[in-house]
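In what follows, a structure is listed as structure tokens, so that the remarks can point back to it.
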Amino acid sequence: MNVVNSYVGQPIERIEDLRLLRGRGQFVDDLHLDGMLHAAVLRSSIPHGRIIRLDTTAARVLPGVAAVITAAEIGDPVPTIPLRLVPMSDLVPYEQPVIANGKVRYVGEPIAVVVAESAAIAEDALELIAVEIETLPPCVDTRSAAANQSLLFEETGTNLALTYTTVLGDADAAFAAATTDEYYIRRERFDTQRHTATTMETRGLIGAWDSERQHLTVYGAAKVPFASRGMLAKQIGLPESAVDLIEGDVGGGFGMRGEFYPEDFLIPFAARHLDRPVKWIEDRREHLLTCNHAREFDCDLELLCRRDGTILAVRGRINGNIGAYIRSNATIAPRNIAQFFSGPYRIPNIHIESTMLVTNKTPTGTYRGPGRFEGDFFRECLFDVVADDLGIDPVAFRRRNLITRDEMPAKLATITPVRQQEELDCGDYLQTLDRCLAEFHWVDKAKLKGRLIEGRYHGVGIGCFIEGGGVGPRENARMVLESDGSIAVYVGSAIVGQGLETVCVQIAADALEVPMERIRIFHGSTTYLHAGFGSFGSRSTVMGGSAIIDAAENLKKAIRTAAALRLNCAVDDVLLEAGMAKSPDGNVVGWTDLASENLRADGTFFCDRRTYGYGAHAAHVAVDPGTGHVEVVDYVAVGDVGRIINPMALRGQIVGAIVQGLGSTFLEHLVYDEDGQLLTGSLADYLLPTAIDYPNIRVFDQEEYPSPNNPLGAKGAGEGGIIPVGGVIANAIASAIGVQPKSLPLSPSRVWELMNP
Amino acid sequence: MKLPRFEYASPTTVQEAVALLAASNGTAKPLAGGQSLVPILAFRLAAPSLLVDLRRIAGLDTIAIDDAGVHLGARVRWCDIEADARLATAHPLLAAAVTHVAHYAIRKRGTVGGSLAHADPAAELPGIAIACDAELTLVGPSGRRSVPAEAFFLGPLTTALAPDELITQIRLPPWPSARRWGFQEFARRRGDFALAGVAAFYDLDSAGHAANSHIGVIGVDDRPRRLTAAEAVLNGRTVDANAITATAEMAARIVDPPDDIHGTARYRRALLATLVERALTGAPAKA
């Protein structure tokens, strides 16, 4: 009898944990190459200015210094960092040069790289470089940027790099027609603060140049090694085949880590320039100053509904403070915030302009749930303000406007200039709302709204969300039958600490019907496959897992074909079972015996339709009016993520995302002063949530609506947990203190100020 | 974030250490637990020529309790204070305050002398020193001197300690067992530097009125300070809700809190009133 594996769906312990918990992971700083040098980067301390003089003489002669690299050594033209996914010619003038070239536009921008025998000597040498910068007035907020009084890029004549327009129906016509008392209009402003993913492992790179083979190897790749290889090869003037990016263990990604940064060029360049391996490990101050920032948006939005709460239209403007340059994925959050503004709700008429304004701050990129966390905060706060004013229960307001199962698939607004239109694939949004209310005991807890109990005000909030995932266009996998009968699986998805090795092994073992122990996973590095697409947009399991299934089918075909010759039967008659091939007449050949035939198979999965997970979160908070402290007394998250591959790994993703979201809501803030200096340059001032801060989180995952768009039925699930947190908490606080927060983060000082205007 | 170059010495006596400091003309720094100094070096905010490591000097790590009070050696760590069961009665205010100092790993290394010398306006021990009329012993090339805490803290990260002097101990005067006290601190996360903190105590006179009240505050001014005007409001009164509110209001009025990225001055003032109120309200129950 054929025993079919069922690893998929089981809460299998992560196979990477034993290695990582014993300190046997291999992160980039664990690598030491013979003759390796160390780099340190001189960064601008001026937010906006022209480099008048750059004198590196004293640094070059410091004992132990091998080289100082500036724009002059790199040569003209200095390469820039392109957009990774959707190239846009309008944005080319705003691309970041890999090293400051004449002008500096943010504090932290690389001006020179010192390469020395040790990192300490390299840092000593930084202090010997003389830089003279003629300062220019900085723009730090969207208002001053939009005024164009100080231009970051004189040649474009504007700080407005791009405006996205998101349209569904005809919002202006809807507003114009709303002339009677039957309608209600509310206009509000909200904003979210600049913060970002703070990975436990900072960025780091080792470049190694093999002058004999004319081959460049870069260690420390993450997220999208193949795309980064393409960029680097082009910038450095080598064919892609002469460049390899190697992915080891990665201590967190969250969208930030693994995008292409200036150092991704500078360190390999230095290695080739010196013909010695060069290591650079980002320190925490550099991390806070230079990694892609995120989330700094403000909005002015107007909502039109009937007095019964039926939403008719939303229109307005969202401004994105995207920092000094357009880096490799700067367009994603400004696009998502408008394109997915409606979330799981039926908003028949939408017209939102979302801008990308350049400012003299660190450039921005994606952070888990990019544009979605911010947009959900705006939307859910706006809903509660409207519902409260109309005397409608916040749950009833949402229930009235959620898209129903029968309306699926449901089209979202179209966004230009990319002309993209998405549709929600499937699901029952009302069901997750109802389950969330039930698990939370909403009916009982709602009675606590605004009540002062033992010195603290209690409140509850609820919000619904969608999570777009499974971003295409495709992913590749390869399987090789090894001589011991094990199967090596190579996949283009990248590991960023999300448990993907385990998930891929589960999928591969089930597809091949062999024990998990027979599968070995190789991921990410460009040496394994001709192309791979990586891990972003909650895609690695959906796309990589589906590619593995395709490869498994092809490998099984290859095994059957080889076995048929040995067993003297037709290919279709070969039965594969528990690592054996059998003929109808009972003859058997083991896979181990077939390994000598060099059996291998490739698999590819194509998909241009995203998956949409969804759910609802609810929070109960208690606010101390004496200190402004907010305790999260209870937090319930219900999410439907399609088919669940590993409930334990999924749960870790969701809880982690919620805690990150609570950090975003209460703590994390990259504060700049009005002169463009970052004030939060260490973890003593940039506050992260810790294990003891938010212990009361309850997660309920379900798989009622598998995705129709991939063979696994899986949906992206890495980001959903963070998306609704800001709005849900803000609304819970509003219900406790009777004042609606409109800005994040909700620090004790700010909560107290709301209560004591 | 690599440390700048420096020379290193680990003398075995206080005299030797002081001689090394004196010989450097103010360019040397003593090193104890390193919990403030090492980050400062890593950020390259300071580049001393020589670090004088105090780890081999005997006798600096003892906690002694006698009729003169509690004597903490300069190299006593926070975890040593936490582990010393005698302090629960010998100085409960100190014991309570130390639980708010940073995090486990830092409490394993951070020292009494280091905290006093660093003089962060939001740090706990300087606040306890001020609240309790502590006396610091400093040793320099010309010998030993005693400095009252009140005269030691001069401003943010600024003290009366000369570059060639070492703190060897701090003495907290004896603690009467009937004393009423409270310690309240509020930080954005447990272990962070305080947005505001209060160390308060008072005794009861024969009429049952507050006497000898001491209210020390941290995080709300450029240095830890005692709020004598607020103490005056409390002294001589029955400690009831009215007296406590009046004291808290006075406390909030007379401090000059900073306006920074973690909170507005207006907020910190109100927070201080809350904490004074809670420190005094909780006080009788803990006596």
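Chain labels run A, B, ... following the order of the structure tokens; each chain numbers its residues from 1, and ligands are numbered from 1 in the order shown.
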
Return as JSON lines the residues of chain B lying at most 8 Å from chain A, together with the closest atom-to-atom pair for each and the distance in Å to one decimal, counting only C-alpha atoms, with rows in chain order and ascending residue number.
{"residue": "B:Met1", "atom": "CA", "partner": "A:Asp283", "partner_atom": "CA", "distance": 6.3}
{"residue": "B:Lys2", "atom": "CA", "partner": "A:Ala120", "partner_atom": "CA", "distance": 5.1}
{"residue": "B:Leu3", "atom": "CA", "partner": "A:Ala120", "partner_atom": "CA", "distance": 6.7}
{"residue": "B:Pro4", "atom": "CA", "partner": "A:Asp124", "partner_atom": "CA", "distance": 6.9}
{"residue": "B:Phe186", "atom": "CA", "partner": "A:Thr627", "partner_atom": "CA", "distance": 7.6}
{"residue": "B:Arg188", "atom": "CA", "partner": "A:Pro748", "partner_atom": "CA", "distance": 7.3}
{"residue": "B:Arg189", "atom": "CA", "partner": "A:Asp693", "partner_atom": "CA", "distance": 7.4}
{"residue": "B:Asp192", "atom": "CA", "partner": "A:Ala684", "partner_atom": "CA", "distance": 7.4}
{"residue": "B:Ile261", "atom": "CA", "partner": "A:Val671", "partner_atom": "CA", "distance": 7.3}
{"residue": "B:His262", "atom": "CA", "partner": "A:Ser749", "partner_atom": "CA", "distance": 7.2}
{"residue": "B:Gly263", "atom": "CA", "partner": "A:Ser749", "partner_atom": "CA", "distance": 5.0}
{"residue": "B:Thr264", "atom": "CA", "partner": "A:Ser749", "partner_atom": "CA", "distance": 6.6}
{"residue": "B:Tyr267", "atom": "CA", "partner": "A:Ser749", "partner_atom": "CA", "distance": 5.8}
{"residue": "B:Arg268", "atom": "CA", "partner": "A:Ser749", "partner_atom": "CA", "distance": 7.9}
{"residue": "B:Ala270", "atom": "CA", "partner": "A:Gly626", "partner_atom": "CA", "distance": 7.5}
{"residue": "B:Leu271", "atom": "CA", "partner": "A:Thr627", "partner_atom": "CA", "distance": 5.6}
{"residue": "B:Thr274", "atom": "CA", "partner": "A:Gly626", "partner_atom": "CA", "distance": 5.5}

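Of the residues in segment 437-479 of chain A, those given helix (DSSP H, G or I) by DSSP on the backbone are Leu437, Ala438, Glu439, Phe440, Trp442, Val443, Asp444, Lys445, Ala446, Lys447 and Leu448 of chain A.
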
Problem set entry | Point-to-point distance in Å for atom CA of Ala622 of chain A and atom CA of Ile453 of chain A |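 Here the two named atoms are 8.8 Å from each other.
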
What's around Pro173 of chain B at 12 Å? Count only C-alpha atoms, leave out sequence neighbours fewer than 3 positions away in its own chain, and write the answer as a compact mmCIF listing (two decimals) with all heavy atoms, in the first residue's frame.
# COMPACT_ATOMS: atom_id res chain seq x y z
N ILE B 65 27.91 47.06 56.39
CA ILE B 65 26.79 47.70 57.07
C ILE B 65 27.16 47.84 58.55
O ILE B 65 27.49 46.86 59.22
CB ILE B 65 25.50 46.87 56.91
CG1 ILE B 65 25.15 46.75 55.42
CG2 ILE B 65 24.35 47.51 57.69
CD1 ILE B 65 24.12 45.71 55.09
N ASP B 66 27.17 49.07 59.07
CA ASP B 66 27.50 49.28 60.49
C ASP B 66 26.70 50.47 61.02
O ASP B 66 25.77 50.93 60.35
CB ASP B 66 29.02 49.49 60.65
CG ASP B 66 29.54 50.67 59.85
OD1 ASP B 66 28.72 51.58 59.53
OD2 ASP B 66 30.74 50.69 59.53
N ASP B 67 27.08 50.96 62.17
CA ASP B 67 26.32 52.04 62.80
C ASP B 67 26.34 53.32 61.97
O ASP B 67 25.47 54.19 62.13
CB ASP B 67 26.89 52.35 64.19
CG ASP B 67 26.64 51.20 65.14
OD1 ASP B 67 25.81 50.32 64.78
OD2 ASP B 67 27.25 51.16 66.22
N ALA B 68 27.33 53.44 61.10
CA ALA B 68 27.43 54.65 60.28
C ALA B 68 26.59 54.54 59.01
O ALA B 68 26.49 55.49 58.25
CB ALA B 68 28.88 54.94 59.92
N GLY B 69 26.02 53.37 58.78
CA GLY B 69 25.16 53.21 57.61
C GLY B 69 25.64 52.12 56.66
O GLY B 69 26.30 51.16 57.10
N VAL B 70 25.30 52.25 55.41
CA VAL B 70 25.67 51.26 54.39
C VAL B 70 26.84 51.81 53.59
O VAL B 70 26.77 52.92 53.07
CB VAL B 70 24.48 50.96 53.45
CG1 VAL B 70 24.90 50.04 52.31
CG2 VAL B 70 23.32 50.36 54.23
N HIS B 71 27.93 51.03 53.53
CA HIS B 71 29.11 51.45 52.78
C HIS B 71 29.22 50.57 51.53
O HIS B 71 29.35 49.35 51.65
CB HIS B 71 30.39 51.25 53.62
CG HIS B 71 30.31 51.88 54.98
ND1 HIS B 71 30.90 53.07 55.29
CD2 HIS B 71 29.66 51.49 56.11
CE1 HIS B 71 30.65 53.38 56.56
NE2 HIS B 71 29.89 52.43 57.07
N LEU B 72 29.13 51.21 50.38
CA LEU B 72 29.24 50.44 49.12
C LEU B 72 30.58 50.77 48.49
O LEU B 72 30.87 51.95 48.21
CB LEU B 72 28.13 50.84 48.14
CG LEU B 72 26.68 50.69 48.60
CD1 LEU B 72 25.74 51.31 47.57
CD2 LEU B 72 26.33 49.22 48.82
N ALA B 90 18.41 46.94 55.80
CA ALA B 90 19.44 47.96 56.05
C ALA B 90 19.22 49.18 55.16
O ALA B 90 19.52 50.29 55.56
CB ALA B 90 20.82 47.38 55.82
N HIS B 91 18.73 48.96 53.95
CA HIS B 91 18.43 50.10 53.09
C HIS B 91 17.44 49.71 51.99
O HIS B 91 17.80 49.56 50.82
CB HIS B 91 19.70 50.69 52.47
CG HIS B 91 19.58 52.18 52.26
ND1 HIS B 91 18.72 52.73 51.36
CD2 HIS B 91 20.19 53.22 52.89
CE1 HIS B 91 18.82 54.05 51.41
NE2 HIS B 91 19.71 54.38 52.33
N LEU B 94 17.37 51.73 48.65
CA LEU B 94 18.45 51.38 47.71
C LEU B 94 18.10 50.10 46.97
O LEU B 94 18.21 50.03 45.74
CB LEU B 94 19.77 51.21 48.47
CG LEU B 94 20.92 50.63 47.66
CD1 LEU B 94 21.40 51.64 46.62
CD2 LEU B 94 22.09 50.20 48.57
N ILE B 128 19.50 58.23 44.50
CA ILE B 128 19.50 57.71 45.88
C ILE B 128 20.52 58.46 46.73
O ILE B 128 20.25 58.83 47.88
CB ILE B 128 19.82 56.19 45.87
CG1 ILE B 128 18.70 55.40 45.16
CG2 ILE B 128 20.06 55.66 47.28
CD1 ILE B 128 17.37 55.46 45.87
N ALA B 129 21.68 58.72 46.14
CA ALA B 129 22.74 59.43 46.88
C ALA B 129 22.25 60.81 47.32
O ALA B 129 22.45 61.21 48.47
CB ALA B 129 23.99 59.55 46.00
N ILE B 130 21.59 61.48 46.40
CA ILE B 130 21.08 62.82 46.71
C ILE B 130 19.95 62.75 47.74
O ILE B 130 19.92 63.50 48.71
CB ILE B 130 20.59 63.50 45.41
CG1 ILE B 130 21.78 63.93 44.55
CG2 ILE B 130 19.67 64.67 45.70
CD1 ILE B 130 22.57 65.09 45.11
N ALA B 131 19.03 61.82 47.51
CA ALA B 131 17.86 61.72 48.39
C ALA B 131 18.29 61.37 49.82
O ALA B 131 17.64 61.79 50.78
CB ALA B 131 16.88 60.69 47.85
N CYS B 132 19.37 60.61 49.96
CA CYS B 132 19.73 60.06 51.28
C CYS B 132 20.89 60.80 51.94
O CYS B 132 21.45 60.30 52.92
CB CYS B 132 20.09 58.59 51.13
SG CYS B 132 18.72 57.59 50.54
N ASP B 133 21.29 61.95 51.44
CA ASP B 133 22.43 62.67 52.01
C ASP B 133 23.67 61.79 52.08
O ASP B 133 24.36 61.72 53.10
CB ASP B 133 22.12 63.18 53.44
CG ASP B 133 20.97 64.16 53.45
OD1 ASP B 133 20.85 64.94 52.49
OD2 ASP B 133 20.19 64.14 54.42
N ALA B 134 23.96 61.09 51.01
CA ALA B 134 25.11 60.19 51.00
C ALA B 134 26.40 60.99 51.00
O ALA B 134 26.43 62.17 50.67
CB ALA B 134 25.05 59.29 49.77
N GLU B 135 27.46 60.25 51.35
CA GLU B 135 28.77 60.87 51.40
C GLU B 135 29.71 60.02 50.53
O GLU B 135 29.76 58.80 50.68
CB GLU B 135 29.24 60.86 52.85
CG GLU B 135 30.47 61.65 53.13
CD GLU B 135 30.80 61.55 54.61
OE1 GLU B 135 31.16 60.44 55.05
OE2 GLU B 135 30.67 62.56 55.30
N LEU B 136 30.43 60.64 49.63
CA LEU B 136 31.33 59.92 48.75
C LEU B 136 32.77 60.09 49.23
O LEU B 136 33.15 61.18 49.66
CB LEU B 136 31.24 60.44 47.32
CG LEU B 136 30.02 59.99 46.51
CD1 LEU B 136 28.74 60.66 46.99
CD2 LEU B 136 30.23 60.29 45.03
N PRO B 148 29.93 65.45 50.21
CA PRO B 148 28.50 65.12 50.26
C PRO B 148 27.94 65.05 48.84
O PRO B 148 28.38 65.81 47.96
CB PRO B 148 27.88 66.28 51.04
CG PRO B 148 28.89 67.36 51.07
CD PRO B 148 30.23 66.77 50.78
N ALA B 149 26.99 64.16 48.64
CA ALA B 149 26.41 63.97 47.30
C ALA B 149 25.92 65.29 46.73
O ALA B 149 26.06 65.56 45.54
CB ALA B 149 25.27 62.96 47.36
N ILE B 170 30.83 54.87 48.66
CA ILE B 170 29.74 55.77 49.00
C ILE B 170 29.11 55.24 50.28
O ILE B 170 28.95 54.03 50.44
CB ILE B 170 28.71 55.87 47.84
CG1 ILE B 170 27.55 56.78 48.24
CG2 ILE B 170 28.21 54.51 47.40
CD1 ILE B 170 26.57 57.06 47.10
N PRO B 176 16.50 54.11 59.75
CA PRO B 176 15.64 53.67 60.87
C PRO B 176 14.56 52.71 60.36
O PRO B 176 13.99 52.94 59.28
CB PRO B 176 15.00 54.98 61.34
CG PRO B 176 15.76 56.09 60.69
CD PRO B 176 16.37 55.54 59.46

Problem set entry | Near-His118 of chain B list (9 Å; only C-alpha atoms; drop same-chain fewer than 3 positions) as a list in words |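 Returned residues: Ser36, Leu37, Gly113, Gly114, Ser115, Pro156, Leu157, Thr158 and Thr159 of chain B.
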
Hey, can you spit out that residue selection with all heavy atoms as a PDB file, in the first residue's frame?
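Below you can see part_25.pdb, which holds the result:
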ATOM      1  N   SER B  36      29.301  52.333  30.769  1.00  0.00           N
ATOM      2  CA  SER B  36      29.147  53.638  30.120  1.00  0.00           C
ATOM      3  C   SER B  36      30.390  53.966  29.300  1.00  0.00           C
ATOM      4  O   SER B  36      30.289  54.452  28.174  1.00  0.00           O
ATOM      5  CB  SER B  36      28.926  54.739  31.163  1.00  0.00           C
ATOM      6  OG  SER B  36      27.788  54.457  31.938  1.00  0.00           O
ATOM      7  N   LEU B  37      31.554  53.689  29.871  1.00  0.00           N
ATOM      8  CA  LEU B  37      32.802  54.105  29.225  1.00  0.00           C
ATOM      9  C   LEU B  37      33.033  53.387  27.889  1.00  0.00           C
ATOM     10  O   LEU B  37      33.417  54.021  26.902  1.00  0.00           O
ATOM     11  CB  LEU B  37      33.986  53.847  30.174  1.00  0.00           C
ATOM     12  CG  LEU B  37      35.358  54.253  29.630  1.00  0.00           C
ATOM     13  CD1 LEU B  37      35.387  55.736  29.279  1.00  0.00           C
ATOM     14  CD2 LEU B  37      36.463  53.926  30.644  1.00  0.00           C
ATOM     15  N   GLY B 113      30.498  52.874  41.571  1.00  0.00           N
ATOM     16  CA  GLY B 113      31.405  53.991  41.297  1.00  0.00           C
ATOM     17  C   GLY B 113      31.251  54.515  39.884  1.00  0.00           C
ATOM     18  O   GLY B 113      31.284  55.728  39.653  1.00  0.00           O
ATOM     19  N   GLY B 114      31.062  53.594  38.965  1.00  0.00           N
ATOM     20  CA  GLY B 114      30.909  53.995  37.567  1.00  0.00           C
ATOM     21  C   GLY B 114      29.679  54.855  37.358  1.00  0.00           C
ATOM     22  O   GLY B 114      29.716  55.878  36.668  1.00  0.00           O
ATOM     23  N   SER B 115      28.572  54.476  37.988  1.00  0.00           N
ATOM     24  CA  SER B 115      27.325  55.228  37.842  1.00  0.00           C
ATOM     25  C   SER B 115      27.459  56.621  38.448  1.00  0.00           C
ATOM     26  O   SER B 115      27.019  57.614  37.868  1.00  0.00           O
ATOM     27  CB  SER B 115      26.186  54.465  38.513  1.00  0.00           C
ATOM     28  OG  SER B 115      25.014  55.246  38.519  1.00  0.00           O
ATOM     29  N   PRO B 156      24.793  67.711  33.991  1.00  0.00           N
ATOM     30  CA  PRO B 156      24.735  66.454  33.235  1.00  0.00           C
ATOM     31  C   PRO B 156      26.136  65.921  32.944  1.00  0.00           C
ATOM     32  O   PRO B 156      26.958  66.633  32.368  1.00  0.00           O
ATOM     33  CB  PRO B 156      24.016  66.831  31.933  1.00  0.00           C
ATOM     34  CG  PRO B 156      23.897  68.310  31.918  1.00  0.00           C
ATOM     35  CD  PRO B 156      24.207  68.839  33.275  1.00  0.00           C
ATOM     36  N   LEU B 157      26.416  64.716  33.381  1.00  0.00           N
ATOM     37  CA  LEU B 157      27.708  64.067  33.179  1.00  0.00           C
ATOM     38  C   LEU B 157      28.870  64.889  33.736  1.00  0.00           C
ATOM     39  O   LEU B 157      29.993  64.754  33.285  1.00  0.00           O
ATOM     40  CB  LEU B 157      27.951  63.746  31.692  1.00  0.00           C
ATOM     41  CG  LEU B 157      26.811  63.082  30.906  1.00  0.00           C
ATOM     42  CD1 LEU B 157      27.276  62.745  29.493  1.00  0.00           C
ATOM     43  CD2 LEU B 157      26.291  61.838  31.603  1.00  0.00           C
ATOM     44  N   THR B 158      28.583  65.707  34.731  1.00  0.00           N
ATOM     45  CA  THR B 158      29.620  66.561  35.309  1.00  0.00           C
ATOM     46  C   THR B 158      29.593  66.440  36.826  1.00  0.00           C
ATOM     47  O   THR B 158      28.535  66.579  37.447  1.00  0.00           O
ATOM     48  CB  THR B 158      29.370  68.035  34.921  1.00  0.00           C
ATOM     49  OG1 THR B 158      29.142  68.103  33.523  1.00  0.00           O
ATOM     50  CG2 THR B 158      30.571  68.896  35.275  1.00  0.00           C
ATOM     51  N   THR B 159      30.782  66.182  37.428  1.00  0.00           N
ATOM     52  CA  THR B 159      30.856  66.008  38.881  1.00  0.00           C
ATOM     53  C   THR B 159      32.060  66.762  39.440  1.00  0.00           C
ATOM     54  O   THR B 159      32.866  67.309  38.691  1.00  0.00           O
ATOM     55  CB  THR B 159      31.037  64.513  39.254  1.00  0.00           C
ATOM     56  OG1 THR B 159      32.345  64.112  38.848  1.00  0.00           O
ATOM     57  CG2 THR B 159      29.992  63.637  38.593  1.00  0.00           C
TER      58      THR B 159
END

For this session: With a distance cut-off of 6 Å and only C-alpha atoms, select the neighbouring residues of Gly642 of chain A, excluding the residue or stretch itself and same-chain residues fewer than 5 positions from it, and output the selection as a PyMOL selection string.
Result: chain A and resi 703+705-707+713-715

Problem set entry | Distance query Met231 of chain A at most 9 Å, only C-alpha atoms, self and fewer than 5 positions along chain excluded, as number ranges by chain | A: 81-82, 84, 226, 236, 260, 265

Create the file for the chosen residues now, containing all heavy atoms and written as a compact mmCIF listing (two decimals), in the first residue's frame.
# COMPACT_ATOMS: atom_id res chain seq x y z
N ILE A 81 22.23 53.10 -8.27
CA ILE A 81 21.45 51.91 -7.89
C ILE A 81 20.09 51.98 -8.58
O ILE A 81 19.30 52.88 -8.30
CB ILE A 81 21.27 51.85 -6.37
CG1 ILE A 81 22.65 51.78 -5.69
CG2 ILE A 81 20.40 50.66 -5.97
CD1 ILE A 81 22.59 51.93 -4.18
N PRO A 82 19.79 51.04 -9.48
CA PRO A 82 18.51 51.12 -10.21
C PRO A 82 17.34 50.54 -9.41
O PRO A 82 17.53 49.84 -8.42
CB PRO A 82 18.78 50.25 -11.43
CG PRO A 82 19.74 49.22 -10.95
CD PRO A 82 20.59 49.88 -9.89
N ARG A 84 14.66 47.82 -8.74
CA ARG A 84 14.82 46.39 -8.98
C ARG A 84 13.68 45.79 -9.79
O ARG A 84 13.92 44.96 -10.66
CB ARG A 84 14.92 45.68 -7.62
CG ARG A 84 14.98 44.17 -7.70
CD ARG A 84 15.41 43.55 -6.39
NE ARG A 84 14.56 43.89 -5.26
CZ ARG A 84 13.37 43.33 -5.02
NH1 ARG A 84 12.90 42.40 -5.83
NH2 ARG A 84 12.65 43.69 -3.98
N PHE A 226 20.00 37.00 -6.89
CA PHE A 226 20.12 37.00 -8.36
C PHE A 226 19.95 38.41 -8.92
O PHE A 226 20.70 38.83 -9.80
CB PHE A 226 19.12 36.03 -8.98
CG PHE A 226 19.47 34.59 -8.76
CD1 PHE A 226 19.01 33.93 -7.63
CD2 PHE A 226 20.27 33.90 -9.66
CE1 PHE A 226 19.34 32.59 -7.42
CE2 PHE A 226 20.60 32.57 -9.45
CZ PHE A 226 20.14 31.92 -8.32
N ILE A 236 29.84 47.01 -12.26
CA ILE A 236 31.28 46.79 -12.11
C ILE A 236 31.91 46.35 -13.43
O ILE A 236 33.13 46.20 -13.53
CB ILE A 236 31.52 45.78 -10.96
CG1 ILE A 236 32.84 46.05 -10.25
CG2 ILE A 236 31.42 44.35 -11.44
CD1 ILE A 236 32.94 45.41 -8.87
N PHE A 260 19.73 46.30 -2.66
CA PHE A 260 21.05 46.74 -3.09
C PHE A 260 21.36 48.10 -2.47
O PHE A 260 20.64 49.07 -2.66
CB PHE A 260 21.11 46.84 -4.61
CG PHE A 260 22.52 46.75 -5.15
CD1 PHE A 260 23.03 45.55 -5.58
CD2 PHE A 260 23.33 47.87 -5.18
CE1 PHE A 260 24.33 45.45 -6.06
CE2 PHE A 260 24.64 47.80 -5.65
CZ PHE A 260 25.14 46.58 -6.10
N PHE A 265 28.06 47.59 -3.81
CA PHE A 265 29.03 47.85 -4.87
C PHE A 265 30.42 48.11 -4.28
O PHE A 265 31.42 47.57 -4.74
CB PHE A 265 28.60 49.07 -5.70
CG PHE A 265 29.66 49.52 -6.67
CD1 PHE A 265 29.75 48.96 -7.93
CD2 PHE A 265 30.60 50.48 -6.30
CE1 PHE A 265 30.76 49.34 -8.81
CE2 PHE A 265 31.61 50.87 -7.17
CZ PHE A 265 31.69 50.30 -8.43

Problem set entry | Which of A:Val460, A:Asn336, A:Ala508, A:Ser546 sits closest to Lys447 of chain A [using only C-alpha atoms] | A:Val460

Exercise. Expressed in Å to a single decimal, how great is the separation between atom CA of Ala273 of chain B and atom CA of Ala246 of chain B?
Worked result: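 Interatomic distance, atom CA of Ala273 of chain B to atom CA of Ala246 of chain B: 9.6 Å.
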
For this session: Please return as a PyMOL selection string: the residues of segment 106-235 of chain B that backbone DSSP assigns to strand (DSSP E).
Result: chain B and resi 135-140+143-148+153-155+158-159+166-172+180-186+196-204+210-218+225-226

For C-alpha atoms, I'd like the residues from the last selection saved as a compact mmCIF listing (two decimals), in the first residue's frame.
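Saved result, selection25.txt, follows:
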# COMPACT_ATOMS: atom_id res chain seq x y z
CA GLU B 135 28.77 60.87 51.40
CA LEU B 136 31.33 59.92 48.75
CA THR B 137 34.94 59.09 49.49
CA LEU B 138 37.37 60.31 46.84
CA VAL B 139 41.07 59.53 46.77
CA GLY B 140 43.58 61.66 44.90
CA GLY B 143 44.98 61.99 49.90
CA ARG B 144 41.43 61.23 50.80
CA ARG B 145 38.43 63.56 50.99
CA SER B 146 34.74 63.20 51.71
CA VAL B 147 32.22 64.97 49.53
CA PRO B 148 28.50 65.12 50.26
CA PHE B 153 26.80 66.30 41.10
CA LEU B 154 27.33 69.55 39.20
CA GLY B 155 25.39 69.01 35.96
CA THR B 158 29.62 66.56 35.31
CA THR B 159 30.86 66.01 38.88
CA LEU B 166 39.00 57.87 42.20
CA ILE B 167 35.72 57.23 43.95
CA THR B 168 36.43 54.49 46.47
CA GLN B 169 33.10 54.26 48.28
CA ILE B 170 29.74 55.77 49.00
CA ARG B 171 28.14 55.79 52.42
CA LEU B 172 24.40 55.96 52.90
CA ARG B 180 8.30 55.39 55.49
CA TRP B 181 9.58 55.32 51.93
CA GLY B 182 8.72 54.84 48.30
CA PHE B 183 10.59 54.52 45.03
CA GLN B 184 8.80 55.18 41.74
CA GLU B 185 10.28 55.31 38.30
CA PHE B 186 8.77 55.45 34.84
CA ALA B 196 11.27 60.56 35.69
CA GLY B 197 11.98 58.88 39.00
CA VAL B 198 11.36 59.62 42.66
CA ALA B 199 13.08 58.34 45.80
CA ALA B 200 11.17 59.61 48.80
CA PHE B 201 11.13 58.93 52.53
CA TYR B 202 10.01 60.53 55.76
CA ASP B 203 9.92 59.71 59.46
CA LEU B 204 6.99 60.23 61.79
CA ALA B 210 5.85 63.72 58.68
CA ALA B 211 9.31 64.82 59.69
CA ASN B 212 12.72 64.78 58.05
CA SER B 213 11.17 64.16 54.62
CA HIS B 214 13.53 63.71 51.71
CA ILE B 215 12.40 63.74 48.09
CA GLY B 216 15.07 63.03 45.49
CA VAL B 217 14.24 63.07 41.80
CA ILE B 218 15.95 61.87 38.61
CA ARG B 225 18.26 66.84 43.02
CA ARG B 226 16.34 67.07 46.26
